[in-house]
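Visitor: My structure is below; once you've seen it, I'll send some questions.
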Amino acid sequence: MRTTVDAMRARKAPMRRVRALATAALLGGALCLGAASTPLAAQSRVPIRTLSLTSPSFSDGGLLPDAHAQRGRDESPALSWQGVPDSVRSFVLVVRDLDAITADHPDGLLHWLVWNIPADATGLPARVPSGATRPDGSRQISVSGPYYRGPAAPAGGPAHHYVFELYALDAMLSVPAEALSPAATRDAVFAAMRGRVRGKGALVGRYVRPAP
């Protein structure tokens, strides 16, 4: 019995760490972008509302289907959100792998960043096509290009945790879609977000690539 309990605790430990990081971002008003980063809400005294972010493809803390991974169809999952304050003018979505933190990616590998999502949007559809600028005016990148980059955790290893973070802003962002590198674009987006965040939500998905 003790062995079974210990195994359950071991499986839950990584999820507790991820949930703690996501909660810290929600409560602290920041997304860590290096040691010198500034809290996104540091310049604002307006209360920041917690948003509900969900997907029909996976539950919070659940496994991401292969359809949304690189070994499958590499399609972005559908997302929806609720609880948006009236002052919102745009949304930013960030997807990153918290188990892929390296010297080059101190905040986790960036799998997707979509900004200037219109204020009247209540979600994103599945299978968002590649392209720096979307028909609704929003813009997107990942670490490797202007598209959603699905999970590709090492085969047979422990599950990686992919956190989807939604930020509701009281402004549109003037960051261009293609003028900078993905890393520089990411930094520019978050620099522009500081003091503009009015709501935040988080959703965590896990992925393990089966051994060949």
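Within each chain, counting starts at residue 1; across the structure tokens, chains are named A, B, ... in the order shown, with ligands numbered 1 upward in that order.
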For stretch 56-67 of chain A, list every protein, DNA or RNA residue within 6 Å, evaluated using only C-alpha atoms, and leave out those in the same chain fewer than 2 positions away; present the list as a ChimeraX atom specification.
Guide: /A:69,72-74,203-207
Visitor: Pick the closest to A:Val94 from A:His111, A:Lys200, A:Arg71, A:His160: which is it, counting only C-alpha atoms?
Guide: A:His111
Visitor: Taking into account only C-alpha atoms, which residue in the set A:Ala168, A:Val46, A:Ala132, A:Leu53 is nearest to A:Val84?
Guide: A:Ala168
Visitor: When you draw a straight line from atom CA of A:Pro85 to atom CA of A:Leu166, how long is it in Å?
Guide: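 A separation of 13.3 Å between them.
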Visitor: Could you work out how far atom CA of A:Ala153 lies from atom CA of A:Arg127, giving the answer in Å with one decimal?
Guide: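 Separation of atom CA of A:Arg127 and atom CA of A:Ala153: 20.4 Å.
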